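The next block holds one structure in the form of structure tokens; read it before the comments.
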Amino acid sequence: FYDQVHEFLLQPYVDLCERKSENFCDPELFNFSPTEGLATRVRVGLYGGIVVALPVLLWQAWRFIVPALNQKEKKWAIPVVLISVALFLAGGALAYFTVGQALEFLIGWSGANVNQVYSVQSYVSLIGLMIFAFGLGFMLPVFVFGAQAFGVVTPRRLLKSWRIALVVIAVISAVITPSGDPVTMAMLGIPMMVLYFLAILLGWLVVRRLPVDAGPAVRTARSCVPTSSSATRFRSTDSRTSRSTHSIGASTSWLPSPPAAARPSWPSTASPQR
């Protein structure tokens, strides 16, 4: 299926060249070394294998976390894997349909008298990394929701730190985008910001309905809140301690009091009587 996949990946660039003038770009790609064709086939096969095996990889990652969860949390396995795959595919689709705008921006900055000649390997690497970057970026809600569901952080805390979160998302968008152009960064950063707030809303709706035995982290957080029984227990402990102190004082009341410290006698300064 290499020819079909290669044609599919090349289609955004071909559409860009057909939409622009003849001197803007050349839709043909070239090999600049004898081994570049084989390396491109291996790269395309690697990218395709990771995409096809993504559900299995996510399932294995979930099974690594399962031993630390209870029975109700284990039921989230299939929904989490399906949602993760759907978000990754959505991000990859967005990258595929926006790579033309990114290439148009980059080619426009190269100058009017510069001919655009690209190798197959460089183009496949660019679009493949963009698809993976967008896919991983779109999986941000899964991590945000998981942190809320397991009691690592509260929705109120995430919403209160929204300014820091937007800056972090902008930095992540700038780091993981292979082209580094502002068009691609905006295409990735804006959806990630929207998904961040949607994950907070979903986490708030789920966390407020969690039962008492929702999870170890939630149980630990709830155990830190004093209840009426714990307050009664503390009061009874304090009363027992005060009674013990009183009984000790009463039992030692027969002991003689220590003698007062001897005061030094100083010579009187009064004048002698005559």
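Identifiers in the structure tokens: chain A, B, ... in order shown; residue index from 1 per chain; ligand index from 1 in order shown.
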Would you tabulate, counting only C-alpha atoms, all residues of region 41-70 of chain A that have an atom at most 12 Å from an atom of region 149-157 of chain A, showing the closest pair of atoms and their distance in Å to one decimal, sorted by chain then ascending number, as a tab-separated table?
```
residue	atom	partner	partner_atom	distance
A:Ile65	CA	A:Phe150	CA	11.7
A:Ala68	CA	A:Phe150	CA	10.7
A:Leu69	CA	A:Phe150	CA	9.2
A:Asn70	CA	A:Phe150	CA	10.9
```
How about saving the chosen residues, all heavy atoms kept, as a PDB file, in the first residue's frame?
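See selection-v1.pdb below for the written result:
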```
ATOM      1  N   ILE A  65      -1.662   0.658  34.235  1.00  0.00           N
ATOM      2  CA  ILE A  65      -2.195   1.477  35.314  1.00  0.00           C
ATOM      3  C   ILE A  65      -3.280   0.747  36.105  1.00  0.00           C
ATOM      4  O   ILE A  65      -3.543   1.078  37.262  1.00  0.00           O
ATOM      5  CB  ILE A  65      -2.732   2.806  34.748  1.00  0.00           C
ATOM      6  CG1 ILE A  65      -1.660   3.480  33.896  1.00  0.00           C
ATOM      7  CG2 ILE A  65      -3.188   3.753  35.839  1.00  0.00           C
ATOM      8  CD1 ILE A  65      -2.141   4.715  33.185  1.00  0.00           C
ATOM      9  N   ALA A  68      -3.530  -0.391  40.039  1.00  0.00           N
ATOM     10  CA  ALA A  68      -3.678   0.610  41.092  1.00  0.00           C
ATOM     11  C   ALA A  68      -5.092   1.165  41.198  1.00  0.00           C
ATOM     12  O   ALA A  68      -5.331   2.057  42.011  1.00  0.00           O
ATOM     13  CB  ALA A  68      -2.703   1.766  40.856  1.00  0.00           C
ATOM     14  N   LEU A  69      -6.030   0.638  40.414  1.00  0.00           N
ATOM     15  CA  LEU A  69      -7.392   1.158  40.386  1.00  0.00           C
ATOM     16  C   LEU A  69      -8.348   0.163  41.005  1.00  0.00           C
ATOM     17  O   LEU A  69      -8.045  -1.023  41.130  1.00  0.00           O
ATOM     18  CB  LEU A  69      -7.814   1.463  38.933  1.00  0.00           C
ATOM     19  CG  LEU A  69      -6.866   2.366  38.121  1.00  0.00           C
ATOM     20  CD1 LEU A  69      -7.397   2.533  36.712  1.00  0.00           C
ATOM     21  CD2 LEU A  69      -6.687   3.714  38.799  1.00  0.00           C
ATOM     22  N   ASN A  70      -9.525   0.657  41.382  1.00  0.00           N
ATOM     23  CA  ASN A  70     -10.546  -0.224  41.903  1.00  0.00           C
ATOM     24  C   ASN A  70     -11.444  -0.717  40.772  1.00  0.00           C
ATOM     25  O   ASN A  70     -11.219  -0.417  39.601  1.00  0.00           O
ATOM     26  CB  ASN A  70     -11.368   0.485  42.997  1.00  0.00           C
ATOM     27  CG  ASN A  70     -11.986   1.778  42.490  1.00  0.00           C
ATOM     28  OD1 ASN A  70     -12.241   1.930  41.298  1.00  0.00           O
ATOM     29  ND2 ASN A  70     -12.222   2.718  43.387  1.00  0.00           N
TER      30      ASN A  70
END
```
Show me, as an MDAnalysis selection string, the residues that have an atom within 8 Å of region 2-14 of chain A when counting only C-alpha atoms, minus same-chain residues fewer than 5 positions from it. chainID A and resid 27 41 44:45 96:97 99:100 103 124 127
Produce a file of the selected residues containing N, CA, C and O atoms, as a PDB file, in the first residue's frame.
```
ATOM      1  N   PRO A  27       4.801  20.373  -8.009  1.00  0.00           N
ATOM      2  CA  PRO A  27       4.199  19.249  -7.282  1.00  0.00           C
ATOM      3  C   PRO A  27       5.020  17.965  -7.309  1.00  0.00           C
ATOM      4  O   PRO A  27       4.681  17.006  -6.603  1.00  0.00           O
ATOM      5  N   ARG A  41      10.276   4.535   2.154  1.00  0.00           N
ATOM      6  CA  ARG A  41       9.339   3.413   2.326  1.00  0.00           C
ATOM      7  C   ARG A  41       9.329   2.915   3.772  1.00  0.00           C
ATOM      8  O   ARG A  41       8.265   2.618   4.340  1.00  0.00           O
ATOM      9  N   VAL A  44       7.463   5.519   5.921  1.00  0.00           N
ATOM     10  CA  VAL A  44       6.014   5.455   5.724  1.00  0.00           C
ATOM     11  C   VAL A  44       5.427   4.218   6.399  1.00  0.00           C
ATOM     12  O   VAL A  44       4.371   4.267   7.044  1.00  0.00           O
ATOM     13  N   GLY A  45       6.132   3.071   6.288  1.00  0.00           N
ATOM     14  CA  GLY A  45       5.660   1.867   6.959  1.00  0.00           C
ATOM     15  C   GLY A  45       5.667   2.004   8.474  1.00  0.00           C
ATOM     16  O   GLY A  45       4.762   1.512   9.157  1.00  0.00           O
ATOM     17  N   TYR A  96      -3.564  17.082   8.549  1.00  0.00           N
ATOM     18  CA  TYR A  96      -3.551  16.769   7.121  1.00  0.00           C
ATOM     19  C   TYR A  96      -4.214  17.887   6.303  1.00  0.00           C
ATOM     20  O   TYR A  96      -3.735  18.241   5.216  1.00  0.00           O
ATOM     21  N   PHE A  97      -5.292  18.449   6.828  1.00  0.00           N
ATOM     22  CA  PHE A  97      -6.010  19.476   6.067  1.00  0.00           C
ATOM     23  C   PHE A  97      -5.425  20.869   6.252  1.00  0.00           C
ATOM     24  O   PHE A  97      -5.790  21.791   5.519  1.00  0.00           O
ATOM     25  N   VAL A  99      -1.889  21.279   6.505  1.00  0.00           N
ATOM     26  CA  VAL A  99      -0.497  21.293   6.070  1.00  0.00           C
ATOM     27  C   VAL A  99      -0.329  22.146   4.811  1.00  0.00           C
ATOM     28  O   VAL A  99       0.738  22.722   4.572  1.00  0.00           O
ATOM     29  N   GLY A 100      -1.389  22.254   3.995  1.00  0.00           N
ATOM     30  CA  GLY A 100      -1.304  23.111   2.812  1.00  0.00           C
ATOM     31  C   GLY A 100      -1.113  24.574   3.182  1.00  0.00           C
ATOM     32  O   GLY A 100      -0.291  25.283   2.574  1.00  0.00           O
ATOM     33  N   LEU A 103       2.486  25.048   4.412  1.00  0.00           N
ATOM     34  CA  LEU A 103       3.449  25.076   3.307  1.00  0.00           C
ATOM     35  C   LEU A 103       3.339  26.374   2.518  1.00  0.00           C
ATOM     36  O   LEU A 103       4.361  26.923   2.067  1.00  0.00           O
ATOM     37  N   VAL A 124       7.775  13.691   3.478  1.00  0.00           N
ATOM     38  CA  VAL A 124       7.092  12.659   4.272  1.00  0.00           C
ATOM     39  C   VAL A 124       7.387  12.844   5.756  1.00  0.00           C
ATOM     40  O   VAL A 124       6.501  12.676   6.608  1.00  0.00           O
ATOM     41  N   ILE A 127       5.169  15.961   7.051  1.00  0.00           N
ATOM     42  CA  ILE A 127       3.741  15.712   7.227  1.00  0.00           C
ATOM     43  C   ILE A 127       3.494  14.612   8.264  1.00  0.00           C
ATOM     44  O   ILE A 127       2.512  14.665   9.016  1.00  0.00           O
TER      45      ILE A 127
END
```
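Between CA of Val183 (chain A) and CA of Thr98 (chain A) the interatomic distance comes to 8.7 Å.
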Using only C-alpha atoms, I'd like a table of the residues in region 20-121 of chain A that come within 12 Å of region 177-181 of chain A; for each, show the closest atom pair and its distance in Å rounded to one decimal, ordered by chain and ascending number, as a Markdown table.
```
| residue | atom | partner | partner_atom | distance |
| --- | --- | --- | --- | --- |
| A:Ala95 | CA | A:Thr177 | CA | 10.1 |
| A:Thr98 | CA | A:Asp181 | CA | 12.0 |
| A:Val99 | CA | A:Ser179 | CA | 9.7 |
| A:Gln101 | CA | A:Asp181 | CA | 10.2 |
| A:Ala102 | CA | A:Asp181 | CA | 7.0 |
| A:Leu103 | CA | A:Ser179 | CA | 8.9 |
| A:Glu104 | CA | A:Asp181 | CA | 10.6 |
| A:Phe105 | CA | A:Asp181 | CA | 7.7 |
| A:Leu106 | CA | A:Asp181 | CA | 7.3 |
| A:Ile107 | CA | A:Asp181 | CA | 11.1 |
| A:Gly108 | CA | A:Asp181 | CA | 11.7 |
| A:Trp109 | CA | A:Asp181 | CA | 10.6 |
```
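Going from CA of Gln148 (chain A) to CA of Ala165 (chain A) covers 15.0 Å.
Of the listed residues A:Phe64, A:Phe134, A:Tyr196, A:Phe145, the one whose atoms come nearest to Gly92 (chain A) is A:Phe134, with distances taken using only C-alpha atoms.
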Looking at only C-alpha atoms, which of A:Val168, A:Leu94, A:Val144, A:Leu205 is the one that sits closest to Thr184 (chain A)? A:Leu94
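Residue nearest Tyr47 (chain A), chosen from A:Leu201, A:Ala93, A:Leu129, A:Met187 and counting only C-alpha atoms: A:Leu129.
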Contacts of Leu54 (chain A) within 10 Å, only C-alpha atoms, excl. fewer than 6 positions in-chain, as a PyMOL selection string: chain A and resi 48+60+81+84-85+88
Backbone-only DSSP, helix (DSSP H, G or I) members of region 85-119 of chain A, as a PyMOL selection string: chain A and resi 85-108
Determine, counting only C-alpha atoms, which protein, DNA and RNA residues have an atom within 9 Å of an atom of Val117 (chain A); residues of the same chain fewer than 6 positions away are not included. Present the result as a PyMOL selection string. chain A and resi 25-30
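When CA of Val120 (chain A) is paired with CA of Asn23 (chain A), their separation reads 19.7 Å.
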